[in-house]
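Visitor: For reference, this is protein26.cif, and it has mmCIF, C-alpha atoms and all ligand atoms.
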```
data_protein
loop_
_atom_site.group_PDB
_atom_site.id
_atom_site.type_symbol
_atom_site.label_atom_id
_atom_site.label_comp_id
_atom_site.auth_asym_id
_atom_site.auth_seq_id
_atom_site.Cartn_x
_atom_site.Cartn_y
_atom_site.Cartn_z
ATOM 1 C CA MET A 21 12.140 9.628 -10.650
ATOM 2 C CA GLN A 22 14.709 10.437 -13.348
ATOM 3 C CA ILE A 23 18.359 9.368 -13.464
ATOM 4 C CA GLU A 24 21.107 11.634 -14.790
ATOM 5 C CA HIS A 25 23.634 9.855 -16.972
ATOM 6 C CA SER A 26 27.109 11.003 -17.791
ATOM 7 C CA GLU A 27 29.115 9.405 -20.592
ATOM 8 C CA PHE A 28 32.104 9.155 -18.246
ATOM 9 C CA GLN A 29 30.208 7.184 -15.598
ATOM 10 C CA ASP A 30 28.649 4.924 -18.206
ATOM 11 C CA GLN A 31 32.040 4.118 -19.701
ATOM 12 C CA LEU A 32 33.474 3.494 -16.256
ATOM 13 C CA VAL A 33 30.724 1.009 -15.346
ATOM 14 C CA ARG A 34 30.893 -0.690 -18.765
ATOM 15 C CA GLY A 35 34.682 -1.004 -18.506
ATOM 16 C CA LEU A 36 34.574 -2.298 -14.952
ATOM 17 C CA ALA A 37 31.827 -4.794 -15.786
ATOM 18 C CA HIS A 38 33.798 -6.100 -18.761
ATOM 19 C CA ARG A 39 37.038 -6.550 -16.809
ATOM 20 C CA MET A 40 35.373 -8.006 -13.750
ATOM 21 C CA ASN A 41 33.508 -10.510 -15.933
ATOM 22 C CA ASN A 42 36.813 -11.657 -17.452
ATOM 23 C CA ILE A 43 38.360 -12.078 -14.007
ATOM 24 C CA LEU A 44 35.346 -13.933 -12.658
ATOM 25 C CA THR A 45 35.241 -16.253 -15.673
ATOM 26 C CA LEU A 46 38.851 -17.256 -14.945
ATOM 27 C CA PHE A 47 38.019 -17.644 -11.294
ATOM 28 C CA HIS A 48 35.029 -19.832 -12.038
ATOM 29 C CA GLY A 49 36.977 -21.938 -14.533
ATOM 30 C CA TYR A 50 39.891 -22.651 -12.197
ATOM 31 C CA VAL A 51 37.694 -23.497 -9.210
ATOM 32 C CA GLY A 52 35.746 -25.845 -11.507
ATOM 33 C CA LEU A 53 38.996 -27.573 -12.523
ATOM 34 C CA LEU A 54 40.007 -27.982 -8.869
ATOM 35 C CA LEU A 55 36.595 -29.442 -8.059
ATOM 36 C CA ASP A 56 37.090 -32.071 -10.788
ATOM 37 C CA ASN A 57 39.768 -33.650 -8.570
ATOM 38 C CA LYS A 58 37.970 -36.554 -6.885
ATOM 39 C CA ASN A 59 40.610 -36.911 -4.114
ATOM 40 C CA LEU A 60 39.739 -33.682 -2.304
ATOM 41 C CA ASP A 61 38.510 -33.920 1.276
ATOM 42 C CA ARG A 62 35.003 -32.743 2.108
ATOM 43 C CA GLY A 63 36.116 -29.485 3.792
ATOM 44 C CA THR A 64 38.050 -28.410 0.685
ATOM 45 C CA VAL A 65 35.125 -29.268 -1.617
ATOM 46 C CA ASP A 66 32.754 -27.214 0.585
ATOM 47 C CA GLY A 67 35.192 -24.297 0.660
ATOM 48 C CA LEU A 68 35.617 -24.341 -3.122
ATOM 49 C CA GLY A 69 31.820 -24.524 -3.496
ATOM 50 C CA ARG A 70 31.484 -21.370 -1.436
ATOM 51 C CA ILE A 71 34.087 -19.591 -3.543
ATOM 52 C CA GLN A 72 32.111 -20.591 -6.635
ATOM 53 C CA ASP A 73 28.865 -19.274 -5.107
ATOM 54 C CA GLY A 74 30.652 -15.995 -4.318
ATOM 55 C CA ALA A 75 31.835 -15.693 -7.933
ATOM 56 C CA LYS A 76 28.281 -16.359 -9.155
ATOM 57 C CA ALA A 77 26.876 -13.679 -6.824
ATOM 58 C CA ALA A 78 29.516 -11.218 -8.094
ATOM 59 C CA CYS A 79 28.527 -11.972 -11.731
ATOM 60 C CA HIS A 80 24.874 -11.317 -10.868
ATOM 61 C CA LEU A 81 25.774 -8.018 -9.212
ATOM 62 C CA ILE A 82 27.805 -6.899 -12.209
ATOM 63 C CA ASP A 83 24.983 -7.787 -14.610
ATOM 64 C CA ARG A 84 22.615 -5.588 -12.659
ATOM 65 C CA ALA A 85 25.071 -2.703 -12.413
ATOM 66 C CA HIS A 86 25.558 -3.012 -16.172
ATOM 67 C CA ALA A 87 21.809 -2.718 -16.701
ATOM 68 C CA ILE A 88 21.889 0.774 -15.167
ATOM 69 C CA VAL A 89 24.141 2.374 -17.740
ATOM 70 C CA ARG A 90 22.893 3.633 -21.078
ATOM 71 C CA PRO A 91 22.796 0.573 -23.292
ATOM 72 C CA THR A 92 24.804 0.305 -26.472
ATOM 73 C CA ASN A 93 22.697 -2.503 -27.919
ATOM 74 C CA VAL A 94 19.075 -1.425 -27.533
ATOM 75 C CA VAL A 95 16.510 -3.157 -29.718
ATOM 76 C CA TRP A 96 13.438 -0.925 -30.007
ATOM 77 C CA ARG A 97 10.227 -2.659 -30.936
ATOM 78 C CA GLU A 98 6.544 -2.819 -30.075
ATOM 79 C CA VAL A 99 6.170 -4.783 -26.846
ATOM 80 C CA GLN A 100 2.918 -6.218 -25.487
ATOM 81 C CA LEU A 101 3.485 -5.803 -21.762
ATOM 82 C CA GLY A 102 0.435 -7.915 -20.913
ATOM 83 C CA ASP A 103 2.013 -10.956 -22.611
ATOM 84 C CA PHE A 104 5.235 -10.404 -20.695
ATOM 85 C CA VAL A 105 3.580 -10.122 -17.325
ATOM 86 C CA ARG A 106 1.522 -13.266 -17.963
ATOM 87 C CA MET A 107 4.681 -15.069 -19.090
ATOM 88 C CA LEU A 108 6.449 -14.072 -15.864
ATOM 89 C CA ARG A 109 3.607 -15.413 -13.723
ATOM 90 C CA PRO A 110 5.284 -18.798 -12.962
ATOM 91 C CA THR A 111 8.434 -16.949 -11.857
ATOM 92 C CA PHE A 112 6.380 -14.628 -9.647
ATOM 93 C CA ASP A 113 4.588 -17.667 -8.205
ATOM 94 C CA SER A 114 7.901 -19.304 -7.351
ATOM 95 C CA LEU A 115 8.909 -16.203 -5.345
ATOM 96 C CA ARG A 116 5.496 -15.683 -3.734
ATOM 97 C CA GLY A 117 4.894 -16.314 -0.043
ATOM 98 C CA PRO A 118 2.628 -19.326 0.560
ATOM 99 C CA ASN A 119 -0.271 -17.097 1.665
ATOM 100 C CA THR A 120 0.182 -14.223 -0.756
ATOM 101 C CA ARG A 121 -2.416 -13.735 -3.486
ATOM 102 C CA LEU A 122 -1.278 -12.311 -6.818
ATOM 103 C CA VAL A 123 -3.784 -10.894 -9.292
ATOM 104 C CA ILE A 124 -2.868 -9.795 -12.808
ATOM 105 C CA ASP A 125 -5.324 -7.487 -14.530
ATOM 106 C CA VAL A 126 -4.620 -6.465 -18.121
ATOM 107 C CA ALA A 127 -6.984 -3.973 -19.761
ATOM 108 C CA GLU A 128 -8.628 -5.186 -22.940
ATOM 109 C CA GLY A 129 -6.998 -3.893 -26.137
ATOM 110 C CA LEU A 130 -3.906 -2.520 -24.384
ATOM 111 C CA PRO A 131 -1.618 -0.892 -26.978
ATOM 112 C CA PRO A 132 1.996 -2.084 -27.241
ATOM 113 C CA VAL A 133 4.717 0.132 -25.768
ATOM 114 C CA TRP A 134 7.782 1.184 -27.762
ATOM 115 C CA ALA A 135 10.577 -0.450 -25.815
ATOM 116 C CA ASP A 136 13.572 -2.701 -25.478
ATOM 117 C CA ALA A 137 11.819 -5.899 -24.423
ATOM 118 C CA THR A 138 14.550 -7.341 -22.203
ATOM 119 C CA ARG A 139 15.081 -4.130 -20.286
ATOM 120 C CA VAL A 140 11.461 -3.276 -19.777
ATOM 121 C CA LYS A 141 10.853 -6.819 -18.558
ATOM 122 C CA SER A 142 13.618 -6.384 -15.952
ATOM 123 C CA ALA A 143 12.075 -3.107 -14.776
ATOM 124 C CA VAL A 144 8.650 -4.683 -14.233
ATOM 125 C CA PHE A 145 10.233 -7.726 -12.634
ATOM 126 C CA GLU A 146 12.142 -5.676 -10.040
ATOM 127 C CA ILE A 147 9.019 -3.799 -8.947
ATOM 128 C CA VAL A 148 6.979 -6.986 -8.623
ATOM 129 C CA ARG A 149 9.820 -8.693 -6.797
ATOM 130 C CA ASN A 150 9.814 -5.940 -4.180
ATOM 131 C CA ALA A 151 6.068 -6.396 -3.688
ATOM 132 C CA LEU A 152 6.610 -10.167 -3.347
ATOM 133 C CA ASP A 153 9.339 -9.554 -0.750
ATOM 134 C CA ALA A 154 7.133 -7.091 1.135
ATOM 135 C CA THR A 155 4.284 -9.612 1.438
ATOM 136 C CA PHE A 156 6.290 -12.816 1.716
ATOM 137 C CA ALA A 157 5.749 -13.404 5.417
ATOM 138 C CA THR A 158 2.114 -12.254 5.567
ATOM 139 C CA ALA A 159 -1.155 -13.240 3.982
ATOM 140 C CA GLY A 160 -0.593 -10.442 1.510
ATOM 141 C CA ASN A 161 -2.248 -9.264 -1.678
ATOM 142 C CA ILE A 162 -0.503 -8.030 -4.797
ATOM 143 C CA THR A 163 -2.150 -6.621 -7.889
ATOM 144 C CA ILE A 164 -0.434 -6.005 -11.207
ATOM 145 C CA ASP A 165 -2.633 -3.706 -13.201
ATOM 146 C CA LEU A 166 -1.914 -2.747 -16.823
ATOM 147 C CA ARG A 167 -3.971 -0.046 -18.496
ATOM 148 C CA PRO A 168 -3.730 2.937 -20.834
ATOM 149 C CA GLU A 169 -2.972 6.138 -18.963
ATOM 150 C CA VAL A 170 -1.475 9.523 -19.781
ATOM 151 C CA PRO A 171 1.216 11.139 -17.601
ATOM 152 C CA PRO A 172 0.379 14.192 -15.481
ATOM 153 C CA PRO A 173 0.352 17.607 -17.240
ATOM 154 C CA SER A 174 3.746 18.474 -15.705
ATOM 155 C CA PHE A 175 5.356 15.695 -17.764
ATOM 156 C CA PRO A 176 6.162 16.241 -21.459
ATOM 157 C CA ALA A 177 3.544 13.790 -22.723
ATOM 158 C CA GLU A 178 4.778 12.941 -26.197
ATOM 159 C CA PRO A 179 3.511 10.698 -27.749
ATOM 160 C CA ALA A 180 -0.218 10.648 -27.036
ATOM 161 C CA SER A 181 -0.530 6.986 -25.959
ATOM 162 C CA TRP A 182 0.978 5.527 -22.813
ATOM 163 C CA VAL A 183 0.638 2.377 -20.757
ATOM 164 C CA ALA A 184 0.743 2.228 -16.977
ATOM 165 C CA VAL A 185 1.993 -0.810 -15.072
ATOM 166 C CA ARG A 186 0.765 -0.408 -11.527
ATOM 167 C CA VAL A 187 1.945 -2.816 -8.833
ATOM 168 C CA THR A 188 0.084 -2.583 -5.533
ATOM 169 C CA ASP A 189 0.865 -4.506 -2.354
ATOM 170 C CA ASP A 190 -0.577 -4.463 1.134
ATOM 171 C CA GLY A 191 2.748 -5.085 2.883
ATOM 172 C CA PRO A 192 4.237 -2.891 5.618
ATOM 173 C CA GLY A 193 5.060 0.043 3.297
ATOM 174 C CA ILE A 194 8.197 2.177 3.028
ATOM 175 C CA PRO A 195 9.055 4.059 6.240
ATOM 176 C CA ALA A 196 9.204 7.842 5.737
ATOM 177 C CA ASP A 197 12.811 8.067 6.974
ATOM 178 C CA ILE A 198 14.196 5.904 4.141
ATOM 179 C CA ARG A 199 12.121 7.224 1.230
ATOM 180 C CA ASN A 200 14.854 9.536 -0.027
ATOM 181 C CA ARG A 201 17.280 6.600 -0.217
ATOM 182 C CA ILE A 202 15.388 3.760 -1.888
ATOM 183 C CA PHE A 203 16.597 4.672 -5.404
ATOM 184 C CA GLN A 204 20.232 4.934 -4.325
ATOM 185 C CA PRO A 205 22.479 2.163 -5.640
ATOM 186 C CA PHE A 206 23.068 -0.597 -3.048
ATOM 187 C CA PHE A 207 20.498 0.730 -0.576
ATOM 188 C CA SER A 208 18.592 -2.228 0.872
ATOM 189 C CA THR A 209 16.760 -2.978 4.097
ATOM 190 C CA LYS A 210 16.687 -6.704 3.303
ATOM 191 C CA ARG A 211 18.966 -9.257 4.858
ATOM 192 C CA LYS A 212 18.865 -11.950 2.217
ATOM 193 C CA PRO A 213 21.955 -12.332 0.004
ATOM 194 C CA ALA A 214 19.926 -11.951 -3.231
ATOM 195 C CA ALA A 215 18.997 -8.374 -2.214
ATOM 196 C CA THR A 216 21.575 -6.179 -3.910
ATOM 197 C CA GLY A 217 19.868 -2.841 -3.360
ATOM 198 C CA LEU A 218 20.032 -2.275 -7.123
ATOM 199 C CA GLY A 219 16.449 -3.158 -8.093
ATOM 200 C CA LEU A 220 14.975 0.340 -7.966
ATOM 201 C CA THR A 221 18.162 1.917 -9.330
ATOM 202 C CA VAL A 222 17.993 -0.410 -12.341
ATOM 203 C CA THR A 223 14.269 0.219 -12.790
ATOM 204 C CA ALA A 224 14.635 4.013 -12.619
ATOM 205 C CA GLY A 225 17.510 3.816 -15.148
ATOM 206 C CA ILE A 226 15.489 1.711 -17.587
ATOM 207 C CA VAL A 227 12.393 3.894 -17.279
ATOM 208 C CA SER A 228 14.537 6.998 -17.977
ATOM 209 C CA GLN A 229 16.018 5.305 -21.062
ATOM 210 C CA HIS A 230 12.460 4.793 -22.311
ATOM 211 C CA ARG A 231 11.550 8.426 -21.536
ATOM 212 C CA GLY A 232 8.920 7.095 -19.180
ATOM 213 C CA LEU A 233 7.896 7.974 -15.667
ATOM 214 C CA LEU A 234 8.319 6.021 -12.431
ATOM 215 C CA ARG A 235 6.355 7.096 -9.384
ATOM 216 C CA TYR A 236 5.224 5.590 -6.129
ATOM 217 C CA GLU A 237 3.222 6.201 -3.011
ATOM 218 C CA SER A 238 3.428 4.231 0.188
ATOM 219 C CA GLN A 239 1.777 3.959 3.547
ATOM 220 C CA PRO A 240 1.509 0.960 5.855
ATOM 221 C CA GLY A 241 -0.684 -1.620 4.130
ATOM 222 C CA HIS A 242 -0.735 0.163 0.764
ATOM 223 C CA THR A 243 2.256 0.630 -1.538
ATOM 224 C CA VAL A 244 1.898 1.414 -5.227
ATOM 225 C CA PHE A 245 4.730 1.603 -7.739
ATOM 226 C CA GLU A 246 3.752 2.768 -11.196
ATOM 227 C CA LEU A 247 5.722 2.670 -14.409
ATOM 228 C CA LEU A 248 4.364 4.833 -17.228
ATOM 229 C CA LEU A 249 5.765 3.856 -20.609
ATOM 230 C CA PRO A 250 5.200 5.550 -23.955
ATOM 231 C CA CYS A 251 3.837 3.833 -27.044
ATOM 232 C CA ARG A 252 5.431 4.236 -30.463
ATOM 233 C CA PRO A 253 5.751 7.899 -31.462
ATOM 234 C CA GLU A 254 3.381 8.783 -34.316
ATOM 235 C CA GLN A 255 5.130 8.401 -37.663
ATOM 236 C CA ALA A 256 5.374 11.723 -39.527
HETATM 237 N N1 LIG B 1 6.901 -2.623 -2.196
HETATM 238 C C1 LIG B 1 7.750 -2.293 -1.225
HETATM 239 N N2 LIG B 1 7.379 -2.345 0.089
HETATM 240 C C2 LIG B 1 8.230 -1.991 1.074
HETATM 241 N N3 LIG B 1 9.501 -1.564 0.863
HETATM 242 C C3 LIG B 1 9.938 -1.491 -0.402
HETATM 243 C C4 LIG B 1 9.099 -1.835 -1.516
HETATM 244 N N4 LIG B 1 9.810 -1.634 -2.647
HETATM 245 C C5 LIG B 1 11.018 -1.189 -2.275
HETATM 246 N N5 LIG B 1 11.121 -1.105 -0.929
HETATM 247 C C6 LIG B 1 12.286 -0.634 -0.153
HETATM 248 O O1 LIG B 1 13.263 -0.113 -1.041
HETATM 249 C C7 LIG B 1 14.520 -0.767 -0.834
HETATM 250 C C8 LIG B 1 15.312 -0.785 -2.113
HETATM 251 O O2 LIG B 1 14.697 -1.631 -3.065
HETATM 252 P P1 LIG B 1 15.593 -2.279 -4.232
HETATM 253 O O3 LIG B 1 16.370 -1.194 -4.878
HETATM 254 O O4 LIG B 1 14.700 -3.089 -5.101
HETATM 255 O O5 LIG B 1 16.630 -3.202 -3.458
HETATM 256 P P2 LIG B 1 16.434 -4.621 -2.730
HETATM 257 O O6 LIG B 1 15.114 -5.190 -3.157
HETATM 258 O O7 LIG B 1 17.595 -5.448 -3.222
HETATM 259 O O8 LIG B 1 16.502 -4.329 -1.258
HETATM 260 C C9 LIG B 1 14.153 -2.127 -0.263
HETATM 261 O O9 LIG B 1 15.224 -2.727 0.448
HETATM 262 C C10 LIG B 1 12.954 -1.777 0.617
HETATM 263 O O10 LIG B 1 13.389 -1.231 1.857
HETATM 264 MG MG MG B 2 14.403 -5.174 -5.099
#
```
Represent the supplied structure as structure tokens.

Guide:
Amino acid sequence: MQIEHSEFQDQLVRGLAHRMNNILTLFHGYVGLLLDNKNLDRGTVDGLGRIQDGAKAACHLIDRAHAIVRPTNVVWREVQLGDFVRMLRPTFDSLRGPNTRLVIDVAEGLPPVWADATRVKSAVFEIVRNALDATFATAGNITIDLRPEVPPPSFPAEPASWVAVRVTDDGPGIPADIRNRIFQPFFSTKRKPAATGLGLTVTAGIVSQHRGLLRYESQPGHTVFELLLPCRPEQA
């Protein structure tokens, strides 16, 4: 899955995100000031609280949309993905269904990938979050597997070393009739407010920025999303 970027679209999203953030900051500030008034009746306080929640949700949405565009402030460095995934474990556990089992398996001596740490962490997080959602209501199993792996011959495999992050869940799978839409921005089959339908769009964007590969396969009871990320190119 590769995403095409155009400079025009990137500028548009960056510009919109910047202006919307300014507006929402004002919004947030003024509602906060109103809420400081201790003489408000309960209905007004509740209403203002809802407006504040709406502004927060809008900020979250803008942050994610911003993550899709080509970044202007990328910090490339060697990133140990195993450390990241282990660090995220408490967050995964807080989102895990009570009967879901999560196993993290990191291959011994895994090389670091050459990446922007914050972005690559978001990409992994989104994939795992989808697996957690898919198994939330069942006694599900999720495995996060990290190991060295080279891309298929059809992919321009420079450099020589790559790392695969493979997330497997035994949830219901992705129905065939929506498979061509799951990477579209705002496409979601979930009803909860936190589901923006941007998770896979953001992930595909980040993987493209890293010149990596994102692939998946899905059938009922077995869904695998795999991110292949390159290690540092050999120094000449
Ligand atoms: N592991 C998975 N199992 C089942 N469906 C999935 C899985 N991952 C993604 N999907 C489907 O792809 C859609 C888009 O995912 P995403 O872009 O992350 O948005 P969101 O999670 O906000 O719905 C989901 O709504 C869901 O229908
Ligand atoms: Mg998601």

Visitor: Write out as a list in words which residues come within 9 Å of region 203-214 of chain A when counting all atoms listed in the file, dropping same-chain ones fewer than 3 positions away.

Guide: Met21, Ala77, Ala85, Asp153, Arg199, Asn200, Gly217, Leu218, Gly219, Leu220, Thr221, Val222, Thr223 and Ala224 of chain A

Visitor: May I ask for the distance between CA of Ala137 (chain A) and CA of Leu32 (chain A), given in Å to one decimal place?

Guide: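 Pair CA of Ala137 (chain A) / CA of Leu32 (chain A) returns 25.0 Å.
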
Visitor: Could you check the closest approach to ligand LIG 1 (chain B) for each of A:Trp96, A:Phe104, A:Trp182, A:Phe145 and tell me which residue wins, using only C-alpha atoms and all ligand atoms?

Guide: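 Looking only at the distances to ligand LIG 1 (chain B), the closest residue turns out to be A:Phe145.
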
Visitor: Applying 8 Å and all atoms listed in the file, which residues near Ala37 (chain A) remain after dropping the ones on its own chain fewer than 4 positions away? List them as a PDB file with C-alpha atoms, in the coordinates of the input.

Guide:
```pdb
ATOM      1  CA  VAL A  33      30.724   1.009 -15.346  1.00  0.00           C
ATOM      2  CA  ASN A  41      33.508 -10.510 -15.933  1.00  0.00           C
ATOM      3  CA  ILE A  82      27.805  -6.899 -12.209  1.00  0.00           C
ATOM      4  CA  ASP A  83      24.983  -7.787 -14.610  1.00  0.00           C
ATOM      5  CA  ALA A  85      25.071  -2.703 -12.413  1.00  0.00           C
ATOM      6  CA  HIS A  86      25.558  -3.012 -16.172  1.00  0.00           C
TER       7      HIS A  86
END
```

Visitor: Applying 8 Å and all atoms listed in the file, which residues near Asn161 (chain A) remain after dropping the ones on its own chain fewer than 3 positions away? List them as a ChimeraX atom specification.

Guide: /A:120-123,155,189-191

Visitor: Using all atoms listed in the file, which of the listed residues (A:Phe112, A:Phe28, A:Tyr50, A:Phe156) sits closest to ligand LIG 1 (chain B)?

Guide: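 Nearest candidate to ligand LIG 1 (chain B) out of A:Phe112, A:Phe28, A:Tyr50, A:Phe156: A:Phe156.
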
Visitor: For ligand MG 2 (chain B), which residue out of A:Leu68, A:Leu130, A:Ile162, A:Ile202 is the nearest one, using only C-alpha atoms and all ligand atoms?

Guide: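 Smallest distance to ligand MG 2 (chain B) is found for A:Ile202.
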
Visitor: Applied to this file, what does the PyMOL selection byres (((chain A and resi 194) around 10) and not hetatm) return in terms of residues, put as a PyMOL selection string?

Guide: chain A and resi 154+191-193+195-199+202+237-243

Visitor: What does the structure give for the distance between CA of Val183 (chain A) and CA of Asp30 (chain A), in Å to one decimal?

Guide: 28.2 Å

Visitor: Selection in question (the file shown): the PyMOL selection byres (((chain A and resi 178) around 10) and not hetatm). Which residues does it include, as a PDB file with C-alpha atoms, keeping the file's coordinate frame?

Guide:
```pdb
ATOM      1  CA  VAL A 170      -1.475   9.523 -19.781  1.00  0.00           C
ATOM      2  CA  PRO A 171       1.216  11.139 -17.601  1.00  0.00           C
ATOM      3  CA  PHE A 175       5.356  15.695 -17.764  1.00  0.00           C
ATOM      4  CA  PRO A 176       6.162  16.241 -21.459  1.00  0.00           C
ATOM      5  CA  ALA A 177       3.544  13.790 -22.723  1.00  0.00           C
ATOM      6  CA  PRO A 179       3.511  10.698 -27.749  1.00  0.00           C
ATOM      7  CA  ALA A 180      -0.218  10.648 -27.036  1.00  0.00           C
ATOM      8  CA  SER A 181      -0.530   6.986 -25.959  1.00  0.00           C
ATOM      9  CA  TRP A 182       0.978   5.527 -22.813  1.00  0.00           C
ATOM     10  CA  ARG A 231      11.550   8.426 -21.536  1.00  0.00           C
ATOM     11  CA  PRO A 250       5.200   5.550 -23.955  1.00  0.00           C
ATOM     12  CA  CYS A 251       3.837   3.833 -27.044  1.00  0.00           C
ATOM     13  CA  ARG A 252       5.431   4.236 -30.463  1.00  0.00           C
ATOM     14  CA  PRO A 253       5.751   7.899 -31.462  1.00  0.00           C
ATOM     15  CA  GLU A 254       3.381   8.783 -34.316  1.00  0.00           C
TER      16      GLU A 254
END
```
